[in-house]
file target_10.json (JSON, C-alpha atoms and all ligand atoms)
[["chain", "number", "residue", "atom", "x", "y", "z"],
["A", 1, "MET", "CA", 8.31, -20.17, -5.59],
["A", 2, "ILE", "CA", 9.94, -18.28, -8.42],
["A", 3, "ASP", "CA", 13.71, -18.64, -8.73],
["A", 4, "TYR", "CA", 14.64, -15.17, -10.00],
["A", 5, "LYS", "CA", 18.35, -15.99, -10.04],
["A", 6, "GLU", "CA", 17.70, -18.83, -12.46],
["A", 7, "LEU", "CA", 15.38, -16.65, -14.57],
["A", 8, "LYS", "CA", 18.07, -13.99, -14.77],
["A", 9, "VAL", "CA", 20.57, -16.53, -16.08],
["A", 10, "ILE", "CA", 18.08, -17.91, -18.64],
["A", 11, "GLY", "CA", 17.10, -14.40, -19.70],
["A", 12, "LYS", "CA", 20.72, -13.37, -20.23],
["A", 13, "GLN", "CA", 21.42, -16.55, -22.19],
["A", 14, "THR", "CA", 18.44, -15.71, -24.39],
["A", 15, "GLY", "CA", 20.07, -12.38, -25.20],
["A", 16, "PHE", "CA", 18.26, -9.84, -23.05],
["A", 17, "THR", "CA", 20.45, -7.13, -21.56],
["A", 18, "HIS", "CA", 18.40, -6.69, -18.36],
["A", 19, "ILE", "CA", 16.00, -8.92, -16.42],
["A", 20, "ALA", "CA", 14.19, -7.85, -13.25],
["A", 21, "PRO", "CA", 11.49, -9.29, -10.96],
["A", 22, "LEU", "CA", 8.03, -7.87, -11.61],
["A", 23, "ASP", "CA", 5.52, -7.40, -8.82],
["A", 24, "CYS", "CA", 2.27, -7.64, -10.79],
["A", 25, "SER", "CA", 0.39, -5.56, -8.21],
["A", 26, "THR", "CA", 2.38, -2.51, -9.38],
["A", 27, "ILE", "CA", 0.98, -2.78, -12.91],
["A", 28, "GLN", "CA", -1.42, 0.03, -13.71],
["A", 29, "LEU", "CA", -3.58, -0.21, -16.82],
["A", 30, "LEU", "CA", -4.37, 3.33, -17.88],
["A", 31, "PRO", "CA", -7.13, 4.58, -20.19],
["A", 32, "GLU", "CA", -4.73, 7.38, -21.28],
["A", 33, "VAL", "CA", -2.31, 4.84, -22.72],
["A", 34, "ARG", "CA", -5.11, 3.15, -24.64],
["A", 35, "GLN", "CA", -6.11, 6.58, -25.88],
["A", 36, "MET", "CA", -2.59, 7.00, -27.28],
["A", 37, "CYS", "CA", -3.21, 3.79, -29.28],
["A", 38, "ALA", "CA", -6.53, 5.14, -30.48],
["A", 39, "ASN", "CA", -4.75, 8.30, -31.67],
["A", 40, "ASN", "CA", -3.06, 5.88, -34.08],
["A", 41, "THR", "CA", 0.34, 7.56, -34.35],
["A", 42, "CYS", "CA", 1.85, 4.12, -35.04],
["A", 43, "HIS", "CA", -0.81, 3.41, -37.72],
["A", 44, "MET", "CA", -1.59, 0.00, -36.21],
["A", 45, "TYR", "CA", -4.84, 0.80, -34.39],
["A", 46, "GLY", "CA", -7.57, -1.52, -35.65],
["A", 47, "LYS", "CA", -5.20, -3.40, -37.93],
["A", 48, "ASN", "CA", -3.93, -6.33, -35.89],
["A", 49, "TRP", "CA", -5.36, -8.80, -33.36],
["A", 50, "SER", "CA", -2.54, -7.90, -30.95],
["A", 51, "CYS", "CA", -3.42, -4.19, -30.89],
["A", 52, "PRO", "CA", -6.47, -2.32, -29.63],
["A", 53, "PRO", "CA", -9.30, -2.83, -30.11],
["A", 54, "GLY", "CA", -8.54, -6.41, -31.29],
["A", 55, "CYS", "CA", -6.63, -7.33, -28.11],
["A", 56, "GLY", "CA", -9.71, -6.72, -25.96],
["A", 57, "THR", "CA", -11.11, -3.90, -23.87],
["A", 58, "LEU", "CA", -9.13, -2.40, -21.01],
["A", 59, "GLU", "CA", -11.43, -4.28, -18.62],
["A", 60, "GLU", "CA", -10.71, -7.60, -20.37],
["A", 61, "CYS", "CA", -6.97, -6.88, -20.28],
["A", 62, "GLU", "CA", -7.22, -6.00, -16.58],
["A", 63, "ALA", "CA", -9.03, -9.27, -15.85],
["A", 64, "ARG", "CA", -6.20, -11.20, -17.50],
["A", 65, "VAL", "CA", -3.41, -9.30, -15.74],
["A", 66, "ARG", "CA", -4.98, -9.53, -12.27],
["A", 67, "GLN", "CA", -4.71, -13.32, -12.34],
["A", 68, "TYR", "CA", -0.96, -12.98, -11.72],
["A", 69, "THR", "CA", 1.18, -12.05, -8.76],
["A", 70, "TYR", "CA", 4.78, -12.60, -9.94],
["A", 71, "GLY", "CA", 6.57, -12.06, -13.20],
["A", 72, "ILE", "CA", 9.69, -10.68, -14.85],
["A", 73, "LEU", "CA", 10.55, -7.63, -16.90],
["A", 74, "VAL", "CA", 13.02, -8.10, -19.76],
["A", 75, "GLN", "CA", 14.85, -5.50, -21.80],
["A", 76, "THR", "CA", 17.05, -5.25, -24.86],
["A", 77, "VAL", "CA", 19.14, -2.09, -25.01],
["A", 78, "GLY", "CA", 20.71, -0.95, -28.28],
["A", 79, "ASN", "CA", 23.52, 1.57, -28.75],
["A", 80, "LEU", "CA", 22.84, 4.08, -31.50],
["A", 81, "GLU", "CA", 25.48, 5.89, -33.55],
["A", 82, "ASP", "CA", 23.37, 9.04, -33.19],
["A", 83, "SER", "CA", 19.77, 9.96, -32.40],
["A", 84, "MET", "CA", 18.80, 9.44, -36.09],
["A", 85, "ASP", "CA", 20.22, 5.90, -36.28],
["A", 86, "VAL", "CA", 16.94, 4.26, -37.35],
["A", 87, "GLU", "CA", 18.72, 1.18, -38.66],
["A", 88, "THR", "CA", 20.01, 0.23, -35.20],
["A", 89, "MET", "CA", 16.61, 1.04, -33.68],
["A", 90, "MET", "CA", 14.97, -1.46, -36.04],
["A", 91, "GLU", "CA", 17.72, -4.02, -35.54],
["A", 92, "THR", "CA", 17.35, -3.73, -31.76],
["A", 93, "GLU", "CA", 13.58, -4.17, -32.02],
["A", 94, "ALA", "CA", 14.05, -7.29, -34.16],
["A", 95, "GLU", "CA", 16.62, -8.64, -31.66],
["A", 96, "HIS", "CA", 14.25, -7.97, -28.79],
["A", 97, "LYS", "CA", 11.46, -9.91, -30.53],
["A", 98, "LYS", "CA", 13.86, -12.79, -31.19],
["A", 99, "HIS", "CA", 14.85, -12.89, -27.51],
["A", 100, "PHE", "CA", 11.18, -12.67, -26.50],
["A", 101, "PHE", "CA", 10.10, -15.63, -28.65],
["A", 102, "ALA", "CA", 13.05, -17.72, -27.46],
["A", 103, "LEU", "CA", 12.38, -17.03, -23.78],
["A", 104, "GLU", "CA", 8.64, -17.62, -24.27],
["A", 105, "GLU", "CA", 9.38, -21.10, -25.54],
["A", 106, "GLN", "CA", 11.69, -21.87, -22.66],
["A", 107, "LEU", "CA", 9.38, -20.55, -19.95],
["A", 108, "ARG", "CA", 6.24, -22.17, -21.34],
["A", 109, "ALA", "CA", 7.32, -25.61, -20.12],
["A", 110, "LYS", "CA", 7.64, -24.40, -16.54],
["A", 111, "TYR", "CA", 4.80, -21.85, -16.55],
["A", 112, "PRO", "CA", 2.14, -23.22, -18.95],
["A", 113, "SER", "CA", -0.41, -20.59, -17.91],
["A", 114, "MET", "CA", 1.88, -17.59, -18.10],
["A", 115, "LEU", "CA", 0.93, -14.38, -19.91],
["A", 116, "PRO", "CA", 3.72, -13.01, -22.12],
["A", 117, "ILE", "CA", 3.32, -9.32, -23.03],
["A", 118, "GLY", "CA", 5.67, -7.98, -25.67],
["A", 119, "ALA", "CA", 6.78, -4.80, -27.39],
["A", 120, "GLY", "CA", 5.21, -3.57, -30.61],
["A", 121, "CYS", "CA", 2.49, -5.29, -32.59],
["A", 122, "CYS", "CA", 2.46, -8.92, -33.69],
["A", 123, "THR", "CA", 4.45, -9.41, -36.88],
["A", 124, "ARG", "CA", 4.17, -13.18, -37.11],
["A", 125, "CYS", "CA", 2.18, -13.12, -40.36],
["A", 126, "LYS", "CA", 2.95, -11.02, -43.39],
["A", 127, "GLU", "CA", -0.63, -9.79, -43.25],
["A", 128, "CYS", "CA", -2.78, -10.00, -40.13],
["A", 129, "THR", "CA", -6.23, -11.55, -40.54],
["A", 130, "TYR", "CA", -7.82, -8.78, -38.44],
["A", 131, "PRO", "CA", -10.77, -8.18, -38.48],
["A", 132, "ASP", "CA", -12.25, -10.54, -41.08],
["A", 133, "ASN", "CA", -10.89, -13.88, -39.83],
["A", 134, "PRO", "CA", -9.67, -15.27, -36.51],
["A", 135, "CYS", "CA", -5.99, -15.00, -35.63],
["A", 136, "ARG", "CA", -3.96, -17.75, -37.32],
["A", 137, "PHE", "CA", -1.82, -18.39, -34.23],
["A", 138, "PRO", "CA", -3.85, -17.45, -31.14],
["A", 139, "ASP", "CA", -1.31, -19.19, -28.86],
["A", 140, "LYS", "CA", 1.62, -17.47, -30.49],
["A", 141, "THR", "CA", 0.47, -13.88, -30.73],
["A", 142, "PHE", "CA", 1.30, -11.36, -28.02],
["A", 143, "ALA", "CA", -0.02, -7.89, -27.33],
["A", 144, "SER", "CA", 2.35, -5.17, -26.25],
["A", 145, "MET", "CA", 2.57, -3.59, -22.80],
["A", 146, "GLU", "CA", 1.09, -0.39, -24.29],
["A", 147, "ALA", "CA", -1.77, -2.33, -25.90],
["A", 148, "TYR", "CA", -2.62, -3.56, -22.39],
["A", 149, "GLY", "CA", -2.67, 0.07, -21.21],
["A", 150, "MET", "CA", 0.67, -0.04, -19.37],
["A", 151, "LEU", "CA", 2.98, 2.93, -19.23],
["A", 152, "VAL", "CA", 6.30, 1.14, -19.55],
["A", 153, "THR", "CA", 8.24, 3.81, -17.64],
["A", 154, "GLN", "CA", 5.86, 3.48, -14.67],
["A", 155, "VAL", "CA", 6.10, -0.30, -14.57],
["A", 156, "CYS", "CA", 9.91, -0.17, -14.77],
["A", 157, "GLN", "CA", 10.18, 2.55, -12.15],
["A", 158, "ASP", "CA", 7.89, 0.75, -9.70],
["A", 159, "ASN", "CA", 10.00, -2.38, -10.09],
["A", 160, "ASN", "CA", 13.38, -0.66, -9.71],
["A", 161, "LEU", "CA", 14.39, -1.21, -13.30],
["A", 162, "THR", "CA", 16.03, 1.56, -15.31],
["A", 163, "TYR", "CA", 14.18, 2.56, -18.46],
["A", 164, "TYR", "CA", 16.51, 5.19, -19.90],
["A", 165, "TYR", "CA", 20.15, 4.11, -20.30],
["A", 166, "GLY", "CA", 21.49, 7.43, -21.53],
["A", 167, "PRO", "CA", 21.91, 9.38, -24.76],
["A", 168, "CYS", "CA", 22.13, 7.34, -27.96],
["A", 169, "THR", "CA", 20.51, 4.26, -26.47],
["A", 170, "ILE", "CA", 17.19, 2.63, -27.31],
["A", 171, "THR", "CA", 15.41, 0.27, -24.95],
["A", 172, "TYR", "CA", 12.70, -2.27, -25.71],
["A", 173, "THR", "CA", 10.85, -3.69, -22.72],
["A", 174, "SER", "CA", 8.52, -6.69, -22.40],
["A", 175, "CYS", "CA", 7.25, -8.79, -19.53],
["A", 176, "PHE", "CA", 6.17, -12.29, -18.63],
["A", 177, "LEU", "CA", 3.47, -12.67, -15.99],
["A", 178, "LEU", "CA", 4.29, -16.06, -14.57],
["A", 179, "GLU", "CA", 2.00, -17.08, -11.72],
["B", 1, "LIG", "S1", -0.44, -14.28, -35.52],
["B", 1, "LIG", "FE1", -0.93, -13.43, -37.54],
["B", 1, "LIG", "S2", -3.17, -13.27, -37.52],
["B", 1, "LIG", "FE2", -2.53, -13.48, -35.39],
["B", 1, "LIG", "S3", -2.26, -11.38, -34.60],
["B", 1, "LIG", "FE3", -0.27, -12.06, -35.36],
["B", 1, "LIG", "S4", -0.17, -11.28, -37.44],
["B", 1, "LIG", "FE4", -2.35, -11.29, -36.83]]

call {"tool": "encode", "arguments": {"input": "target_10.json", "output": "structure tokens", "more": "lines below"}}
Ligand code: SF4
result
Amino acid sequence: MIDYKELKVIGKQTGFTHIAPLDCSTIQLLPEVRQMCANNTCHMYGKNWSCPPGCGTLEECEARVRQYTYGILVQTVGNLEDSMDVETMMETEAEHKKHFFALEEQLRAKYPSMLPIGAGCCTRCKECTYPDNPCRFPDKTFASMEAYGMLVTQVCQDNNLTYYYGPCTITYTSCFLLE
């Protein structure tokens, strides 16, 4: 039985601004989201093991996700000086990754089979080995919710978690599928 109260406390201590229970049955993996990756607006398509197509087909991602029933959603919200405040956007993303790695380490002891799904592509190595060599840290690389085909707004909405915190805010969202 998952103790969400305890997870909320741990998540806050790790630095996340919001933590919410995730009902894994609400997760939809959408071909349209994968198509957005294939459109390559972020320039990471086909460049990293954590991004499509390196992270597996939509069917393979679905098979992984459907092994879980309960999880948590975690967010880091940053406050921007204005809508062009790229520096704070990048700082908030870096903070979110730091929180994500810290919580992953803490949760791994209790949930050894969990599936952590992050935000953005894996930046663990200066240069990813994709596609010529295997990933250097297969146990320490995480695909993003989008790479899995999730529409983050839908997953948040269906789990009663706000996604948009108002003008001049930026929100990064990740999840941990626990059991
Ligand atoms: S850990 Fe390194 S090799 Fe593996 S996906 Fe991340 S950047 Fe690429």

call {"tool": "axis_aligned_box", "arguments": {"input": "target_10.json", "around": "ligand LIG 1 (chain B)", "padding_each_side": "3 Å", "output": "AutoDock Vina command-line options"}}
result
--center_x -1.7 --center_y -12.8 --center_z -36.1 --size_x 9.0 --size_y 9.0 --size_z 8.9

call {"tool": "residues_near_ligand", "arguments": {"input": "target_10.json", "ligand": "ligand LIG 1 (chain B)", "cutoff": "9 Å", "atoms": "only C-alpha atoms and all ligand atoms", "output": "compact mmCIF listing (two decimals) with C-alpha atoms, keeping the file's coordinate frame"}}
result
# COMPACT_ATOMS: atom_id res chain seq x y z
CA LYS A 47 -5.20 -3.40 -37.93
CA ASN A 48 -3.93 -6.33 -35.89
CA TRP A 49 -5.36 -8.80 -33.36
CA SER A 50 -2.54 -7.90 -30.95
CA CYS A 51 -3.42 -4.19 -30.89
CA GLY A 54 -8.54 -6.41 -31.29
CA CYS A 55 -6.63 -7.33 -28.11
CA CYS A 121 2.49 -5.29 -32.59
CA CYS A 122 2.46 -8.92 -33.69
CA THR A 123 4.45 -9.41 -36.88
CA ARG A 124 4.17 -13.18 -37.11
CA CYS A 125 2.18 -13.12 -40.36
CA LYS A 126 2.95 -11.02 -43.39
CA GLU A 127 -0.63 -9.79 -43.25
CA CYS A 128 -2.78 -10.00 -40.13
CA THR A 129 -6.23 -11.55 -40.54
CA TYR A 130 -7.82 -8.78 -38.44
CA ASN A 133 -10.89 -13.88 -39.83
CA PRO A 134 -9.67 -15.27 -36.51
CA CYS A 135 -5.99 -15.00 -35.63
CA ARG A 136 -3.96 -17.75 -37.32
CA PHE A 137 -1.82 -18.39 -34.23
CA PRO A 138 -3.85 -17.45 -31.14
CA ASP A 139 -1.31 -19.19 -28.86
CA LYS A 140 1.62 -17.47 -30.49
CA THR A 141 0.47 -13.88 -30.73
CA PHE A 142 1.30 -11.36 -28.02
CA ALA A 143 -0.02 -7.89 -27.33

call {"tool": "closest_residue", "arguments": {"input": "target_10.json", "among": "A:Ser174, A:Thr169, A:Met114, A:Gly15", "to": "Val86 (chain A)", "atoms": "all atoms listed in the file"}}
result
A:Thr169

call {"tool": "residues_around", "arguments": {"input": "target_10.json", "residues": "Ile2 (chain A)", "least_positions_apart": "2", "cutoff": "10 Å", "atoms": "all atoms listed in the file", "output": "ChimeraX atom specification"}}
result
/A:4-7,21,70-72,178-179

call {"tool": "closest_residue", "arguments": {"input": "target_10.json", "among": "A:His18, A:Tyr163, A:Val33, A:Val155", "to": "His96 (chain A)", "atoms": "all atoms listed in the file"}}
result
A:His18

call {"tool": "residues_around", "arguments": {"input": "target_10.json", "residues": "Gly166 (chain A)", "least_positions_apart": "2", "cutoff": "12 Å", "atoms": "all atoms listed in the file", "output": "list in words"}}
result
Val77, Gly78, Asn79, Leu80, Asp82, Ser83, Thr162, Tyr163, Tyr164, Cys168, Thr169, Ile170 and Thr171 of chain A

call {"tool": "atom_distance", "arguments": {"input": "target_10.json", "atom1": "CA of Lys8 (chain A)", "atom2": "CA of Tyr148 (chain A)"}}
result
24.4 Å

call {"tool": "closest_residue", "arguments": {"input": "target_10.json", "among": "A:Cys175, A:Ala119, A:Arg34, A:Asp23", "to": "Glu93 (chain A)", "atoms": "all atoms listed in the file"}}
result
A:Ala119

call {"tool": "atom_distance", "arguments": {"input": "target_10.json", "atom1": "CA of Phe16 (chain A)", "atom2": "CA of Thr76 (chain A)"}}
result
5.1 Å

call {"tool": "closest_residue", "arguments": {"input": "target_10.json", "among": "A:Ile117, A:Glu104, A:Thr57, A:Gly46", "to": "Pro131 (chain A)", "atoms": "all atoms listed in the file"}}
result
A:Gly46

call {"tool": "closest_residue", "arguments": {"input": "target_10.json", "among": "A:Ala20, A:Gln75, A:Leu177, A:Glu105", "to": "Thr92 (chain A)", "atoms": "all atoms listed in the file"}}
result
A:Gln75

call {"tool": "closest_residue", "arguments": {"input": "target_10.json", "among": "A:Glu32, A:His99, A:Gln157, A:Leu151", "to": "Lys12 (chain A)", "atoms": "all atoms listed in the file"}}
result
A:His99

call {"tool": "atom_distance", "arguments": {"input": "target_10.json", "atom1": "CA of Pro112 (chain A)", "atom2": "CA of Ile19 (chain A)"}}
result
20.1 Å

call {"tool": "decode", "arguments": {"input": "target_10.json", "residues": "region 121-147 of chain A", "atoms": "N, CA and C atoms", "output": "JSON list (two decimals), in the first residue's frame"}}
result
[["chain", "number", "residue", "atom", "x", "y", "z"],
["A", 121, "CYS", "N", 15.35, 15.40, -22.48],
["A", 121, "CYS", "CA", 16.15, 14.22, -22.84],
["A", 121, "CYS", "C", 17.24, 13.98, -21.79],
["A", 122, "CYS", "N", 17.84, 12.82, -21.86],
["A", 122, "CYS", "CA", 18.91, 12.47, -20.91],
["A", 122, "CYS", "C", 20.14, 13.32, -21.21],
["A", 123, "THR", "N", 20.68, 13.92, -20.16],
["A", 123, "THR", "CA", 21.86, 14.78, -20.34],
["A", 123, "THR", "C", 23.02, 14.27, -19.47],
["A", 124, "ARG", "N", 22.94, 12.99, -19.12],
["A", 124, "ARG", "CA", 23.95, 12.45, -18.20],
["A", 124, "ARG", "C", 25.36, 12.49, -18.80],
["A", 125, "CYS", "N", 25.47, 12.19, -20.08],
["A", 125, "CYS", "CA", 26.79, 12.22, -20.72],
["A", 125, "CYS", "C", 26.91, 13.48, -21.58],
["A", 126, "LYS", "N", 28.12, 13.93, -21.74],
["A", 126, "LYS", "CA", 28.34, 15.10, -22.58],
["A", 126, "LYS", "C", 27.87, 14.81, -24.00],
["A", 127, "GLU", "N", 28.19, 13.60, -24.46],
["A", 127, "GLU", "CA", 27.71, 13.17, -25.78],
["A", 127, "GLU", "C", 27.09, 11.79, -25.66],
["A", 128, "CYS", "N", 25.86, 11.65, -26.13],
["A", 128, "CYS", "CA", 25.17, 10.35, -26.05],
["A", 128, "CYS", "C", 25.81, 9.39, -27.04],
["A", 129, "THR", "N", 25.82, 8.10, -26.69],
["A", 129, "THR", "CA", 26.41, 7.08, -27.56],
["A", 129, "THR", "C", 25.47, 6.69, -28.70],
["A", 130, "TYR", "N", 24.24, 7.17, -28.68],
["A", 130, "TYR", "CA", 23.25, 6.79, -29.70],
["A", 130, "TYR", "C", 23.72, 7.20, -31.09],
["A", 131, "PRO", "N", 23.60, 6.40, -32.13],
["A", 131, "PRO", "CA", 23.08, 5.01, -32.12],
["A", 131, "PRO", "C", 24.20, 3.97, -32.22],
["A", 132, "ASP", "N", 25.44, 4.41, -32.19],
["A", 132, "ASP", "CA", 26.55, 3.50, -32.52],
["A", 132, "ASP", "C", 26.90, 2.52, -31.41],
["A", 133, "ASN", "N", 26.73, 2.94, -30.15],
["A", 133, "ASN", "CA", 27.09, 2.08, -29.03],
["A", 133, "ASN", "C", 25.96, 2.07, -28.01],
["A", 134, "PRO", "N", 25.93, 1.02, -27.17],
["A", 134, "PRO", "CA", 24.87, 0.96, -26.15],
["A", 134, "PRO", "C", 24.99, 2.13, -25.17],
["A", 135, "CYS", "N", 23.88, 2.41, -24.51],
["A", 135, "CYS", "CA", 23.86, 3.48, -23.49],
["A", 135, "CYS", "C", 24.90, 3.15, -22.41],
["A", 136, "ARG", "N", 25.61, 4.17, -21.96],
["A", 136, "ARG", "CA", 26.64, 3.95, -20.93],
["A", 136, "ARG", "C", 26.02, 3.64, -19.56],
["A", 137, "PHE", "N", 24.85, 4.19, -19.30],
["A", 137, "PHE", "CA", 24.22, 4.02, -17.97],
["A", 137, "PHE", "C", 22.75, 3.61, -18.13],
["A", 138, "PRO", "N", 22.53, 2.37, -18.63],
["A", 138, "PRO", "CA", 21.14, 1.97, -18.91],
["A", 138, "PRO", "C", 20.22, 2.03, -17.68],
["A", 139, "ASP", "N", 20.79, 1.92, -16.47],
["A", 139, "ASP", "CA", 19.95, 1.98, -15.27],
["A", 139, "ASP", "C", 19.77, 3.40, -14.77],
["A", 140, "LYS", "N", 20.45, 4.33, -15.41],
["A", 140, "LYS", "CA", 20.42, 5.70, -14.91],
["A", 140, "LYS", "C", 19.94, 6.69, -15.97],
["A", 141, "THR", "N", 19.41, 6.16, -17.07],
["A", 141, "THR", "CA", 18.87, 7.06, -18.08],
["A", 141, "THR", "C", 17.34, 6.99, -18.06],
["A", 142, "PHE", "N", 16.70, 8.11, -18.28],
["A", 142, "PHE", "CA", 15.24, 8.15, -18.19],
["A", 142, "PHE", "C", 14.67, 8.89, -19.38],
["A", 143, "ALA", "N", 13.66, 8.29, -19.99],
["A", 143, "ALA", "CA", 12.96, 8.97, -21.08],
["A", 143, "ALA", "C", 11.98, 9.97, -20.48],
["A", 144, "SER", "N", 11.54, 10.89, -21.30],
["A", 144, "SER", "CA", 10.59, 11.90, -20.82],
["A", 144, "SER", "C", 9.15, 11.40, -20.99],
["A", 145, "MET", "N", 8.22, 12.09, -20.35],
["A", 145, "MET", "CA", 6.81, 11.74, -20.49],
["A", 145, "MET", "C", 6.40, 11.85, -21.97],
["A", 146, "GLU", "N", 6.89, 12.89, -22.65],
["A", 146, "GLU", "CA", 6.55, 13.07, -24.07],
["A", 146, "GLU", "C", 7.13, 11.93, -24.91],
["A", 147, "ALA", "N", 8.37, 11.52, -24.59],
["A", 147, "ALA", "CA", 9.00, 10.43, -25.35],
["A", 147, "ALA", "C", 8.16, 9.16, -25.25]]
